[in-house]
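> Sending over work.cif (mmCIF, C-alpha atoms and all ligand atoms).
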```cif
data_start
loop_
_atom_site.label_atom_id
_atom_site.label_comp_id
_atom_site.auth_asym_id
_atom_site.auth_seq_id
_atom_site.Cartn_x
_atom_site.Cartn_y
_atom_site.Cartn_z
CA MET A 1 73.95 81.88 165.02
CA LYS A 2 74.04 79.20 167.68
CA VAL A 3 72.18 78.53 170.89
CA LEU A 4 73.75 76.74 173.84
CA ALA A 5 70.68 75.26 175.46
CA GLY A 6 69.73 73.29 178.54
CA ALA A 7 72.68 73.93 180.87
CA THR A 8 72.50 75.50 184.31
CA LEU A 9 73.93 78.98 183.81
CA ILE A 10 76.18 80.70 186.35
CA ASP A 11 76.69 84.07 184.70
CA GLY A 12 79.66 85.45 186.66
CA THR A 13 77.80 88.39 188.22
CA GLY A 14 77.10 86.54 191.46
CA ALA A 15 73.42 86.07 190.54
CA ALA A 16 71.76 82.76 191.41
CA PRO A 17 72.17 79.98 188.79
CA VAL A 18 69.51 79.72 186.08
CA GLY A 19 68.38 76.18 185.31
CA ASP A 20 67.64 75.05 181.72
CA ALA A 21 69.13 78.22 180.28
CA ALA A 22 69.76 79.36 176.73
CA VAL A 23 72.66 81.50 175.50
CA VAL A 24 72.39 82.86 171.97
CA ILE A 25 75.65 83.57 170.14
CA ASP A 26 76.00 85.57 166.96
CA GLY A 27 79.53 85.56 165.58
CA ASP A 28 81.90 86.25 168.46
CA ARG A 29 79.36 87.84 170.82
CA ILE A 30 76.53 86.77 173.10
CA ILE A 31 73.30 88.45 172.00
CA ALA A 32 70.80 87.02 174.52
CA THR A 33 70.63 84.84 177.63
CA GLY A 34 67.83 83.59 179.87
CA PRO A 35 65.64 80.62 180.71
CA ARG A 36 65.21 78.48 177.59
CA ALA A 37 61.41 78.40 177.95
CA SER A 38 61.24 82.16 177.46
CA MET A 39 63.61 82.20 174.46
CA PRO A 40 62.61 80.31 171.32
CA PRO A 41 65.76 79.77 169.20
CA PRO A 42 66.14 82.22 166.30
CA GLY A 43 65.28 80.68 162.92
CA GLY A 44 68.18 78.76 161.38
CA ALA A 45 70.22 78.79 164.59
CA GLU A 46 72.26 75.70 165.44
CA VAL A 47 71.08 74.39 168.83
CA ILE A 48 73.76 72.73 170.95
CA ASP A 49 72.29 70.62 173.72
CA LEU A 50 74.11 71.11 177.03
CA ALA A 51 71.54 69.46 179.29
CA GLY A 52 73.14 68.20 182.49
CA LEU A 53 76.13 70.59 182.24
CA THR A 54 76.90 73.86 184.02
CA LEU A 55 77.73 76.82 181.80
CA LEU A 56 80.17 79.46 183.09
CA PRO A 57 81.88 82.51 181.64
CA GLY A 58 85.36 81.74 180.32
CA LEU A 59 87.66 81.76 183.35
CA ILE A 60 90.25 84.48 183.97
CA ASP A 61 93.60 84.28 185.76
CA THR A 62 94.63 87.80 186.76
CA HIS A 63 98.23 86.98 187.69
CA ASP A 64 100.26 84.44 185.78
CA HIS A 65 103.78 84.24 184.39
CA LEU A 66 103.18 82.18 181.28
CA ALA A 67 106.75 82.36 179.98
CA SER A 68 108.34 81.33 183.29
CA HIS A 69 109.26 77.70 183.69
CA GLY A 70 111.04 77.52 187.04
CA TYR A 71 112.87 79.62 189.63
CA ALA A 72 116.33 78.16 188.97
CA LEU A 73 118.72 80.89 187.87
CA THR A 74 119.79 78.90 184.79
CA THR A 75 116.15 78.65 183.73
CA ARG A 76 115.24 82.26 184.52
CA TRP A 77 118.25 83.51 182.59
CA GLY A 78 117.59 81.18 179.66
CA LEU A 79 120.91 79.34 180.01
CA ASP A 80 119.70 75.76 180.01
CA GLU A 81 117.97 75.46 176.63
CA PRO A 82 117.67 77.36 173.33
CA ALA A 83 115.28 80.33 173.41
CA SER A 84 113.20 78.73 170.66
CA THR A 85 112.61 75.64 172.81
CA THR A 86 111.50 77.82 175.71
CA HIS A 87 109.13 79.75 173.42
CA LEU A 88 107.52 76.51 172.20
CA ARG A 89 107.26 75.37 175.82
CA THR A 90 105.38 78.59 176.55
CA GLY A 91 103.13 77.90 173.54
CA THR A 92 102.09 74.54 175.00
CA VAL A 93 101.22 76.27 178.29
CA LEU A 94 98.98 78.72 176.39
CA GLU A 95 97.19 75.85 174.63
CA ARG A 96 96.74 73.80 177.78
CA ILE A 97 95.38 76.72 179.79
CA LEU A 98 92.78 77.57 177.14
CA ALA A 99 91.66 73.93 176.93
CA MET A 100 91.07 74.05 180.71
CA GLY A 101 88.53 76.85 180.28
CA TYR A 102 90.81 79.85 180.91
CA THR A 103 89.96 82.20 178.06
CA THR A 104 91.72 85.28 179.49
CA VAL A 105 95.02 85.59 181.34
CA ARG A 106 96.83 88.65 182.65
CA ASP A 107 100.55 88.03 182.48
CA ALA A 108 102.35 89.72 185.36
CA GLY A 109 105.72 89.81 183.64
CA GLY A 110 107.90 87.76 181.34
CA LEU A 111 105.63 87.16 178.35
CA ASP A 112 106.46 89.32 175.35
CA ALA A 113 104.04 90.87 172.88
CA GLY A 114 104.92 88.33 170.17
CA PHE A 115 102.90 85.67 171.99
CA LYS A 116 99.84 87.87 172.04
CA LEU A 117 100.23 88.50 168.33
CA ALA A 118 100.65 84.77 167.67
CA VAL A 119 97.43 83.97 169.58
CA GLU A 120 95.54 86.72 167.76
CA GLU A 121 96.81 85.43 164.41
CA GLY A 122 95.89 81.87 165.32
CA LEU A 123 99.48 80.56 165.09
CA VAL A 124 98.98 79.04 168.51
CA ASP A 125 95.81 78.52 170.53
CA GLY A 126 95.69 80.45 173.77
CA PRO A 127 93.72 82.75 176.03
CA ARG A 128 93.20 86.46 175.43
CA LEU A 129 96.25 88.13 176.91
CA SER A 130 96.76 91.26 178.97
CA LEU A 131 100.50 91.80 179.26
CA GLY A 132 102.64 93.40 181.94
CA VAL A 133 105.81 92.67 179.89
CA LYS A 134 108.27 93.20 182.79
CA ILE A 135 108.17 94.05 186.49
CA ILE A 136 109.28 97.63 187.16
CA SER A 137 111.30 98.13 190.35
CA PRO A 138 114.29 100.16 191.54
CA THR A 139 117.76 98.69 191.84
CA GLY A 140 117.61 95.84 194.35
CA GLY A 141 113.86 95.34 193.87
CA ILE A 142 112.28 92.24 192.39
CA GLY A 143 112.57 93.57 188.84
CA ASP A 144 116.35 93.73 189.23
CA SER A 145 117.75 90.35 188.23
CA VAL A 146 121.07 89.96 189.94
CA SER A 147 122.46 86.66 191.16
CA PRO A 148 123.53 86.20 194.81
CA SER A 149 127.12 86.60 193.60
CA GLY A 150 126.30 89.90 191.88
CA HIS A 151 126.13 88.69 188.28
CA CYS A 152 123.48 90.20 186.02
CA GLY A 153 121.63 87.77 183.84
CA GLY A 154 119.77 88.26 180.63
CA VAL A 155 119.14 91.97 181.18
CA GLY A 156 118.83 93.88 177.95
CA THR A 157 119.50 90.84 175.79
CA ASP A 158 115.90 90.53 174.56
CA PRO A 159 114.58 93.70 172.88
CA LEU A 160 111.02 92.55 173.49
CA LEU A 161 111.61 92.45 177.26
CA PRO A 162 113.42 95.74 177.95
CA ASP A 163 115.27 96.57 181.14
CA SER A 164 112.73 97.44 183.85
CA VAL A 165 114.94 98.84 186.62
CA ALA A 166 114.23 102.52 187.27
CA ASN A 167 115.62 104.94 189.85
CA GLY A 168 114.33 108.47 190.26
CA ILE A 169 111.22 109.98 188.75
CA ASP A 170 112.65 110.60 185.28
CA GLN A 171 113.75 107.01 184.85
CA VAL A 172 110.45 105.73 186.23
CA ARG A 173 108.50 107.76 183.69
CA ALA A 174 110.79 106.59 180.87
CA VAL A 175 110.52 102.93 181.86
CA VAL A 176 106.71 103.07 182.00
CA ARG A 177 106.74 104.49 178.47
CA THR A 178 109.22 101.83 177.38
CA MET A 179 106.95 99.05 178.69
CA VAL A 180 103.99 100.52 176.84
CA ARG A 181 106.07 100.73 173.67
CA ALA A 182 106.97 97.05 174.13
CA GLY A 183 103.27 96.16 174.29
CA ALA A 184 102.29 96.43 177.95
CA ASP A 185 98.51 96.45 178.54
CA VAL A 186 99.07 96.94 182.26
CA ILE A 187 101.98 98.34 184.26
CA LYS A 188 103.42 95.82 186.69
CA CYS A 189 105.58 97.17 189.48
CA ALA A 190 106.80 96.09 192.88
CA THR A 191 107.09 98.15 196.07
CA THR A 192 108.20 95.33 198.40
CA GLY A 193 110.17 92.12 198.25
CA GLY A 194 108.36 88.81 198.36
CA ALA A 195 108.63 85.27 199.61
CA SER A 196 110.84 84.20 196.73
CA SER A 197 112.92 87.37 196.34
CA ARG A 198 116.60 87.45 197.28
CA SER A 199 117.41 87.25 200.96
CA GLY A 200 117.77 90.78 202.31
CA HIS A 201 114.71 91.98 200.36
CA GLY A 202 111.77 90.36 202.10
CA PRO A 203 107.99 90.81 202.17
CA LYS A 204 108.09 93.98 204.30
CA ASP A 205 111.19 95.58 202.78
CA ALA A 206 110.20 98.60 200.70
CA ALA A 207 111.22 99.59 197.19
CA PHE A 208 110.58 102.94 195.49
CA THR A 209 109.94 106.33 197.09
CA ARG A 210 106.59 108.06 197.33
CA ASP A 211 107.53 110.41 194.46
CA GLU A 212 108.67 107.55 192.23
CA MET A 213 105.42 105.66 192.76
CA ARG A 214 103.26 108.74 192.20
CA VAL A 215 105.00 109.33 188.87
CA LEU A 216 104.67 105.66 187.92
CA VAL A 217 100.93 105.65 188.54
CA ASP A 218 100.47 109.04 186.92
CA GLU A 219 102.30 108.06 183.75
CA ALA A 220 100.57 104.66 183.50
CA HIS A 221 97.15 106.24 183.89
CA ALA A 222 98.01 108.98 181.40
CA LEU A 223 98.74 106.21 178.90
CA GLY A 224 95.47 104.42 179.74
CA ARG A 225 97.08 101.54 181.66
CA LYS A 226 96.11 100.23 185.05
CA VAL A 227 98.83 99.54 187.61
CA MET A 228 99.17 96.13 189.24
CA CYS A 229 101.53 96.33 192.18
CA HIS A 230 103.34 93.48 193.88
CA ALA A 231 103.23 94.47 197.57
CA LEU A 232 103.15 92.15 200.57
CA GLY A 233 103.39 94.38 203.63
CA GLY A 234 105.08 97.21 205.49
CA PRO A 235 105.82 100.72 204.21
CA GLY A 236 105.98 99.63 200.55
CA LEU A 237 102.39 98.41 200.71
CA VAL A 238 101.22 101.70 202.26
CA LEU A 239 103.09 103.67 199.62
CA ALA A 240 101.54 101.70 196.74
CA LEU A 241 98.02 102.31 198.00
CA GLU A 242 98.69 105.99 198.67
CA ALA A 243 100.05 106.36 195.14
CA GLY A 244 96.78 105.04 193.70
CA VAL A 245 97.60 101.65 192.18
CA ASP A 246 94.65 99.70 190.77
CA SER A 247 95.35 96.29 192.25
CA ILE A 248 97.47 94.89 195.02
CA GLU A 249 99.12 91.60 194.15
CA HIS A 250 99.64 89.22 197.11
CA GLY A 251 98.92 91.77 199.88
CA CYS A 252 99.74 89.09 202.46
CA TYR A 253 100.15 91.43 205.45
CA LEU A 254 97.18 93.74 204.77
CA ALA A 255 95.49 92.25 207.84
CA GLU A 256 98.01 94.12 209.99
CA GLU A 257 96.72 97.44 208.63
CA PRO A 258 92.91 97.34 208.57
CA GLU A 259 92.73 101.00 207.47
CA LEU A 260 94.38 99.96 204.20
CA ILE A 261 91.69 97.33 203.64
CA ALA A 262 89.03 99.99 204.22
CA LEU A 263 90.79 102.24 201.73
CA MET A 264 90.85 99.48 199.10
CA ALA A 265 87.13 98.85 199.56
CA GLU A 266 86.35 102.55 199.31
CA ARG A 267 88.43 103.12 196.16
CA GLY A 268 87.58 99.83 194.43
CA ILE A 269 91.20 98.65 194.49
CA VAL A 270 91.31 94.93 193.70
CA LEU A 271 93.18 92.37 195.81
CA THR A 272 94.75 89.43 193.97
CA PRO A 273 96.00 87.28 196.86
CA THR A 274 97.65 84.54 194.72
CA LEU A 275 97.25 81.91 197.42
CA LEU A 276 98.38 78.99 195.28
CA VAL A 277 101.95 80.14 194.78
CA TYR A 278 102.47 80.22 198.56
CA VAL A 279 101.43 76.57 198.82
CA HIS A 280 104.46 75.87 196.62
CA HIS A 281 106.65 78.45 198.38
CA ARG A 282 106.00 76.64 201.68
CA GLU A 283 107.70 73.61 200.10
CA SER A 284 110.44 75.55 198.32
CA PRO A 285 113.95 74.05 198.31
CA ALA A 286 115.26 77.52 199.34
CA PRO A 287 115.14 77.81 203.15
CA HIS A 288 114.52 81.61 203.19
CA VAL A 289 111.56 81.23 200.81
CA ARG A 290 110.06 78.41 202.88
CA GLU A 291 110.50 80.39 206.08
CA ARG A 292 108.86 83.56 204.71
CA ALA A 293 105.97 81.63 203.22
CA HIS A 294 105.25 79.87 206.52
CA ALA A 295 105.59 83.12 208.46
CA LEU A 296 103.00 84.97 206.38
CA HIS A 297 100.45 82.20 205.92
CA ALA A 298 98.09 82.92 208.82
CA ARG A 299 98.12 86.67 208.10
CA HIS A 300 97.45 86.01 204.42
CA VAL A 301 94.33 83.97 205.15
CA GLU A 302 93.20 86.60 207.66
CA THR A 303 93.77 89.27 204.99
CA VAL A 304 91.49 87.48 202.53
CA GLN A 305 88.77 87.15 205.14
CA MET A 306 89.01 90.78 206.25
CA ALA A 307 89.05 92.00 202.64
CA LEU A 308 85.99 89.91 201.86
CA ALA A 309 84.13 91.23 204.91
CA ALA A 310 85.05 94.82 204.01
CA GLY A 311 83.78 94.44 200.45
CA VAL A 312 87.15 94.54 198.69
CA LYS A 313 87.02 93.03 195.21
CA ILE A 314 89.07 89.83 195.17
CA SER A 315 90.37 88.37 191.93
CA ALA A 316 91.85 84.95 191.28
CA GLY A 317 95.47 84.84 190.16
CA THR A 318 97.85 81.90 190.48
CA ASP A 319 101.26 83.62 190.12
CA ALA A 320 102.23 80.43 188.28
CA GLY A 321 105.49 79.93 186.41
CA GLY A 322 108.15 79.76 189.10
CA HIS A 323 106.84 76.41 190.29
CA GLY A 324 105.78 75.35 186.81
CA HIS A 325 102.20 75.61 185.62
CA PRO A 326 99.80 73.78 187.92
CA VAL A 327 96.13 73.82 186.87
CA ASN A 328 94.97 77.45 187.24
CA ALA A 329 91.66 76.50 188.89
CA ARG A 330 93.57 75.31 191.95
CA GLU A 331 93.55 78.97 193.01
CA LEU A 332 89.76 78.74 193.33
CA GLU A 333 90.11 75.82 195.72
CA CYS A 334 92.61 77.90 197.75
CA LEU A 335 90.18 80.84 197.85
CA VAL A 336 87.39 78.59 199.12
CA GLN A 337 89.74 77.16 201.76
CA ALA A 338 90.51 80.75 202.81
CA GLY A 339 86.84 81.54 203.34
CA LEU A 340 85.21 82.49 200.04
CA SER A 341 82.03 80.70 199.07
CA PRO A 342 82.30 78.72 195.81
CA MET A 343 80.15 81.42 194.16
CA GLN A 344 82.52 84.15 195.40
CA ALA A 345 85.49 82.14 194.14
CA LEU A 346 83.84 81.85 190.72
CA GLN A 347 83.22 85.61 190.67
CA ALA A 348 86.90 86.13 191.53
CA ALA A 349 87.77 84.25 188.33
CA THR A 350 85.05 85.77 186.12
CA GLY A 351 83.16 89.05 186.68
CA LEU A 352 85.51 90.56 189.27
CA ALA A 353 88.60 89.36 187.41
CA ALA A 354 87.33 91.15 184.30
CA GLU A 355 86.88 94.33 186.36
CA CYS A 356 90.42 93.90 187.65
CA LEU A 357 91.65 94.01 184.04
CA GLY A 358 89.24 96.78 183.04
CA TRP A 359 87.81 94.38 180.44
CA GLU A 360 84.36 93.95 182.03
CA ARG A 361 82.55 95.19 178.94
CA ASP A 362 83.96 92.30 176.92
CA VAL A 363 84.60 89.32 179.17
CA GLY A 364 83.90 87.84 182.60
CA THR A 365 80.10 87.52 182.51
CA VAL A 366 77.53 85.76 180.36
CA GLN A 367 75.43 88.71 179.28
CA ALA A 368 74.17 90.15 176.01
CA GLY A 369 76.96 92.13 174.37
CA ARG A 370 79.87 90.21 175.90
CA LEU A 371 82.30 88.12 173.87
CA ALA A 372 81.14 84.50 173.73
CA ASP A 373 83.83 83.11 176.04
CA LEU A 374 82.14 80.16 177.74
CA VAL A 375 82.96 76.92 179.55
CA ALA A 376 80.57 74.00 179.95
CA VAL A 377 81.49 71.73 182.84
CA ASP A 378 80.20 68.37 183.96
CA GLY A 379 78.89 68.80 187.53
CA ASP A 380 78.13 71.65 189.88
CA PRO A 381 81.17 73.78 190.80
CA LEU A 382 79.13 75.37 193.60
CA ARG A 383 79.10 71.98 195.30
CA ASP A 384 82.66 71.06 194.41
CA ILE A 385 84.96 73.79 193.17
CA THR A 386 87.75 71.26 192.55
CA LEU A 387 85.96 69.74 189.56
CA LEU A 388 87.28 72.69 187.53
CA GLN A 389 90.73 71.13 187.91
CA SER A 390 89.82 67.97 186.04
CA PRO A 391 90.18 68.00 182.23
CA GLU A 392 87.49 65.33 181.93
CA ARG A 393 84.98 67.72 183.54
CA ILE A 394 85.78 70.64 181.20
CA LYS A 395 83.55 69.48 178.36
CA LEU A 396 83.41 72.50 176.06
CA VAL A 397 85.40 75.72 175.82
CA TYR A 398 84.36 78.58 173.56
CA LYS A 399 86.47 81.66 172.97
CA GLY A 400 84.81 84.42 171.01
CA GLY A 401 82.15 81.95 169.84
CA ARG A 402 84.76 79.52 168.49
CA LEU A 403 84.84 76.00 169.92
CA CYS A 404 88.37 75.52 171.29
CA ALA A 405 87.98 72.28 173.26
CA ASP A 406 85.38 69.53 173.02
CA ARG A 407 85.55 66.61 175.43
CA ARG A 408 81.94 65.45 175.13
CA ALA A 409 82.75 62.15 173.43
CA PRO A 410 83.71 59.38 175.88
CA LEU A 411 87.28 58.16 175.73
CA GLU A 412 87.85 54.85 173.92
CA ALA A 413 89.45 51.91 175.71
CA ASP A 414 92.93 53.04 174.68
CA GLY A 415 92.32 56.47 176.23
CA VAL A 416 92.03 58.18 172.83
CA ARG A 417 89.08 60.34 171.89
CA PRO A 418 87.30 59.05 168.73
ZN ZN B 501 103.97 87.29 190.09
#
```
As structure tokens, how would this structure be written, given the file I've shared?
Ligand SMILES: [Zn+2]

Amino acid sequence: MKVLAGATLIDGTGAAPVGDAAVVIDGDRIIATGPRASMPPPGGAEVIDLAGLTLLPGLIDTHDHLASHGYALTTRWGLDEPASTTHLRTGTVLERILAMGYTTVRDAGGLDAGFKLAVEEGLVDGPRLSLGVKIISPTGGIGDSVSPSGHCGGVGTDPLLPDSVANGIDQVRAVVRTMVRAGADVIKCATTGGASSRSGHGPKDAAFTRDEMRVLVDEAHALGRKVMCHALGGPGLVLALEAGVDSIEHGCYLAEEPELIALMAERGIVLTPTLLVYVHHRESPAPHVRERAHALHARHVETVQMALAAGVKISAGTDAGGHGHPVNARELECLVQAGLSPMQALQAATGLAAECLGWERDVGTVQAGRLADLVAVDGDPLRDITLLQSPERIKLVYKGGRLCADRRAPLEADGVRP
């Protein structure tokens, strides 16, 4: 048993911080938390002194693309380096993200089940993974990888990432089952284009019919999977919500349809706005991507504010991969800039993010019974949310009670840790 003692605890539920707290860990689970004064350490427990630090639940990114390393066609189609090199590149992303305090990541497409197995076996260090495997869309949707000249790249060449284009209800049902067979923990689909999709399929252009989406949601739920739906605006966004998806990814134009925001609040549908990726889209080398990202920006911020006011659950997802892998906690800074309080932004990356995944009984909060996924940071993230972006501030990371990163020792003159 061990006791993390003396830190200020922010438990991920939105409750006020507890000063001089104690968290008791037995094996991979938390068995007790509270003010240290009221909790004498169990006999024989190792006491780890965290005085002066802030203790948080392990952070969660609810929308990442860990195996993506750029939007260039040659990169996306795996033409510019051997597959093994790309896989090892993905492995370093997994390790780096965990060491920055992200103990759980939901991959929104592109990461195959072998990575999850490798993390579970300890072949590579990484966060707990919830996998979407591939994005399901009809022909012409964002799951359909076709070059501007009509060439198809990479489709069907990797048995672990099966073809995800589906037309008609029978194909939709089959593709959902195929994704589950390939290891999907969540069904990722798309009912609109996006900022970075091909020109001609933009943020308000719809994909899928009402019947196709109803079947998709029905089949996913029958197999015990939630549905995360990429939808920015227009009829495709309406259709996704009517079909009963569990989270809306991006949702940039929701502000134009306040009744949809009310519906999300009422049904507990989560919004993952992925603000960070649009910062990069606004600087994209592709003119149509830049233009779309600028056009939606004000509405996107308004959407976040309206959703917050209506009581919609907001979760923090970066949608990283296309623009490389910037520090995941930058999304929290974006959420604060959009109007969340630092506490709300932390909830979006902890308790509410866990609810978004349906994993709230295991992760996302520091409570008795949860897995001991914890991050100790130097400073107060409620005063400065950006400190979560600095490796030097992320002092300790525990995943399931195991110490995965320890930066307590000061760096030596040559920049190396003793
Ligand atoms: Zn995405």
> What separation in Å, quoted to one decimal, exists between atom CA of Val375 of chain A and atom CA of Ile394 of chain A?
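Rounded to one decimal, the two atoms are 7.1 Å apart.
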> 7 Å from ligand ZN 501 (chain B) is the threshold here; counting only C-alpha atoms and all ligand atoms, which polymer residues fall inside it? Answer as number ranges by chain.
A: 63-65, 108, 319
> Take atom CA of Asp205 of chain A and atom CA of Leu66 of chain A and report the distance between them in Å, one decimal.
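About the pair atom CA of Asp205 of chain A and atom CA of Leu66 of chain A: they are 26.6 Å apart.
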> If I take atom CA of Ala329 of chain A and atom CA of Val47 of chain A, how far is one from the other in Å, to one decimal?
28.8 Å
> Could the residues of segment 188-287 of chain A that have an atom at most 10 Å from segment 160-167 of chain A be listed as CSV, each with its closest atom pair and the distance in Å to one decimal, counting all atoms listed in the file and ordered by chain and ascending residue number?

```
residue,atom,partner,partner_atom,distance
A:Lys188,CA,A:Ser164,CA,9.9
A:Cys189,CA,A:Ser164,CA,9.1
A:Phe208,CA,A:Asn167,CA,7.8
A:Thr209,CA,A:Asn167,CA,9.3
A:Glu212,CA,A:Asn167,CA,7.8
```
> Have a look at A:Thr75, A:Ser390, A:Ser197, A:Thr8 and name the one nearest to Thr54 of chain A; count all atoms listed in the file.
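Of all the options, A:Thr8 lies closest to Thr54 of chain A.
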> Give me, as a PDB file with C-alpha atoms, in the frame of the given file, all polymer residues having an atom no more than 8 Å from segment 227-231 of chain A, counting all atoms listed in the file and skipping those fewer than 5 positions away in the same chain.

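Contents of around-v2.pdb, freshly written:
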```
ATOM      1  CA  VAL A 186      99.070  96.940 182.260  1.00  0.00           C
ATOM      2  CA  ILE A 187     101.980  98.340 184.260  1.00  0.00           C
ATOM      3  CA  LYS A 188     103.420  95.820 186.690  1.00  0.00           C
ATOM      4  CA  CYS A 189     105.580  97.170 189.480  1.00  0.00           C
ATOM      5  CA  ALA A 190     106.800  96.090 192.880  1.00  0.00           C
ATOM      6  CA  THR A 191     107.090  98.150 196.070  1.00  0.00           C
ATOM      7  CA  THR A 192     108.200  95.330 198.400  1.00  0.00           C
ATOM      8  CA  GLY A 193     110.170  92.120 198.250  1.00  0.00           C
ATOM      9  CA  GLY A 194     108.360  88.810 198.360  1.00  0.00           C
ATOM     10  CA  PRO A 203     107.990  90.810 202.170  1.00  0.00           C
ATOM     11  CA  VAL A 217     100.930 105.650 188.540  1.00  0.00           C
ATOM     12  CA  ALA A 220     100.570 104.660 183.500  1.00  0.00           C
ATOM     13  CA  HIS A 221      97.150 106.240 183.890  1.00  0.00           C
ATOM     14  CA  GLY A 236     105.980  99.630 200.550  1.00  0.00           C
ATOM     15  CA  LEU A 237     102.390  98.410 200.710  1.00  0.00           C
ATOM     16  CA  ALA A 240     101.540 101.700 196.740  1.00  0.00           C
ATOM     17  CA  VAL A 245      97.600 101.650 192.180  1.00  0.00           C
ATOM     18  CA  ASP A 246      94.650  99.700 190.770  1.00  0.00           C
ATOM     19  CA  SER A 247      95.350  96.290 192.250  1.00  0.00           C
ATOM     20  CA  ILE A 248      97.470  94.890 195.020  1.00  0.00           C
ATOM     21  CA  GLU A 249      99.120  91.600 194.150  1.00  0.00           C
ATOM     22  CA  HIS A 250      99.640  89.220 197.110  1.00  0.00           C
ATOM     23  CA  GLY A 251      98.920  91.770 199.880  1.00  0.00           C
TER      24      GLY A 251
END
```
> Skip Ser315 of chain A itself and residues of its chain fewer than 6 positions away, then list as a list in words all residues within 9 Å of it, counting only C-alpha atoms.
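Returned residues: Ile60, Asp61, Thr62, Val270, Leu271, Thr272, Pro273, Thr274, Ala345, Gln347, Ala348, Ala349, Thr350, Gly351, Leu352, Ala353, Ala354, Glu355 and Cys356 of chain A.
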> List every residue of segment 67-157 of chain A that has an atom at most 10 Å from any atom of segment 363-367 of chain A, giving for each one its closest atom pair and the distance in Å to one decimal, counting only C-alpha atoms, sorted by chain and then by ascending residue number, as a tab-separated table.

```
residue	atom	partner	partner_atom	distance
A:Thr103	CA	A:Val363	CA	9.0
A:Thr104	CA	A:Val363	CA	8.2
A:Arg128	CA	A:Val363	CA	9.8
```
> Taking into account all atoms listed in the file, which residue in the set A:Ala99, A:Val279, A:Ala32, A:Leu232 is nearest to Gly58 of chain A?
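Checking each of A:Ala99, A:Val279, A:Ala32, A:Leu232 against Gly58 of chain A, counting all atoms listed in the file, the winner is A:Ala99.
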> Under the rule that all atoms listed in the file are counted, which of A:Gly141, A:Gly183, A:Gly150, A:Gly168 is the nearest residue to Lys204 of chain A?
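Checking each candidate against Lys204 of chain A, we get A:Gly141 as the closest.
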> Could I get segment 72-82 of chain A rebuilt with N, CA, C and O atoms, written as a PDB file, keeping the file's coordinate frame?

```
ATOM      1  N   ALA A  72     114.872  78.336 189.021  1.00  0.00           N
ATOM      2  CA  ALA A  72     116.330  78.160 188.970  1.00  0.00           C
ATOM      3  C   ALA A  72     116.952  79.264 188.105  1.00  0.00           C
ATOM      4  O   ALA A  72     116.396  79.636 187.070  1.00  0.00           O
ATOM      5  N   LEU A  73     118.065  79.771 188.557  1.00  0.00           N
ATOM      6  CA  LEU A  73     118.720  80.890 187.870  1.00  0.00           C
ATOM      7  C   LEU A  73     119.008  80.529 186.403  1.00  0.00           C
ATOM      8  O   LEU A  73     118.795  81.336 185.495  1.00  0.00           O
ATOM      9  N   THR A  74     119.464  79.306 186.174  1.00  0.00           N
ATOM     10  CA  THR A  74     119.790  78.900 184.790  1.00  0.00           C
ATOM     11  C   THR A  74     118.546  78.941 183.906  1.00  0.00           C
ATOM     12  O   THR A  74     118.631  79.277 182.727  1.00  0.00           O
ATOM     13  N   THR A  75     117.398  78.617 184.497  1.00  0.00           N
ATOM     14  CA  THR A  75     116.150  78.650 183.730  1.00  0.00           C
ATOM     15  C   THR A  75     115.697  80.082 183.512  1.00  0.00           C
ATOM     16  O   THR A  75     115.341  80.484 182.406  1.00  0.00           O
ATOM     17  N   ARG A  76     115.713  80.873 184.609  1.00  0.00           N
ATOM     18  CA  ARG A  76     115.240  82.260 184.520  1.00  0.00           C
ATOM     19  C   ARG A  76     116.092  83.070 183.542  1.00  0.00           C
ATOM     20  O   ARG A  76     115.596  83.969 182.889  1.00  0.00           O
ATOM     21  N   TRP A  77     117.378  82.751 183.478  1.00  0.00           N
ATOM     22  CA  TRP A  77     118.250  83.510 182.590  1.00  0.00           C
ATOM     23  C   TRP A  77     118.364  82.872 181.211  1.00  0.00           C
ATOM     24  O   TRP A  77     119.148  83.318 180.380  1.00  0.00           O
ATOM     25  N   GLY A  78     117.617  81.804 180.989  1.00  0.00           N
ATOM     26  CA  GLY A  78     117.590  81.180 179.660  1.00  0.00           C
ATOM     27  C   GLY A  78     118.912  80.526 179.286  1.00  0.00           C
ATOM     28  O   GLY A  78     119.324  80.553 178.126  1.00  0.00           O
ATOM     29  N   LEU A  79     119.589  79.928 180.271  1.00  0.00           N
ATOM     30  CA  LEU A  79     120.910  79.340 180.010  1.00  0.00           C
ATOM     31  C   LEU A  79     120.841  77.858 179.712  1.00  0.00           C
ATOM     32  O   LEU A  79     121.806  77.275 179.226  1.00  0.00           O
ATOM     33  N   ASP A  80     119.709  77.221 180.056  1.00  0.00           N
ATOM     34  CA  ASP A  80     119.700  75.760 180.010  1.00  0.00           C
ATOM     35  C   ASP A  80     119.030  75.158 178.784  1.00  0.00           C
ATOM     36  O   ASP A  80     118.982  73.946 178.634  1.00  0.00           O
ATOM     37  N   GLU A  81     118.504  75.987 177.889  1.00  0.00           N
ATOM     38  CA  GLU A  81     117.970  75.460 176.630  1.00  0.00           C
ATOM     39  C   GLU A  81     117.887  76.605 175.626  1.00  0.00           C
ATOM     40  O   GLU A  81     117.881  77.780 176.021  1.00  0.00           O
ATOM     41  N   PRO A  82     117.776  76.279 174.328  1.00  0.00           N
ATOM     42  CA  PRO A  82     117.670  77.360 173.330  1.00  0.00           C
ATOM     43  C   PRO A  82     116.391  78.168 173.553  1.00  0.00           C
ATOM     44  O   PRO A  82     115.377  77.628 174.006  1.00  0.00           O
TER      45      PRO A  82
END
```
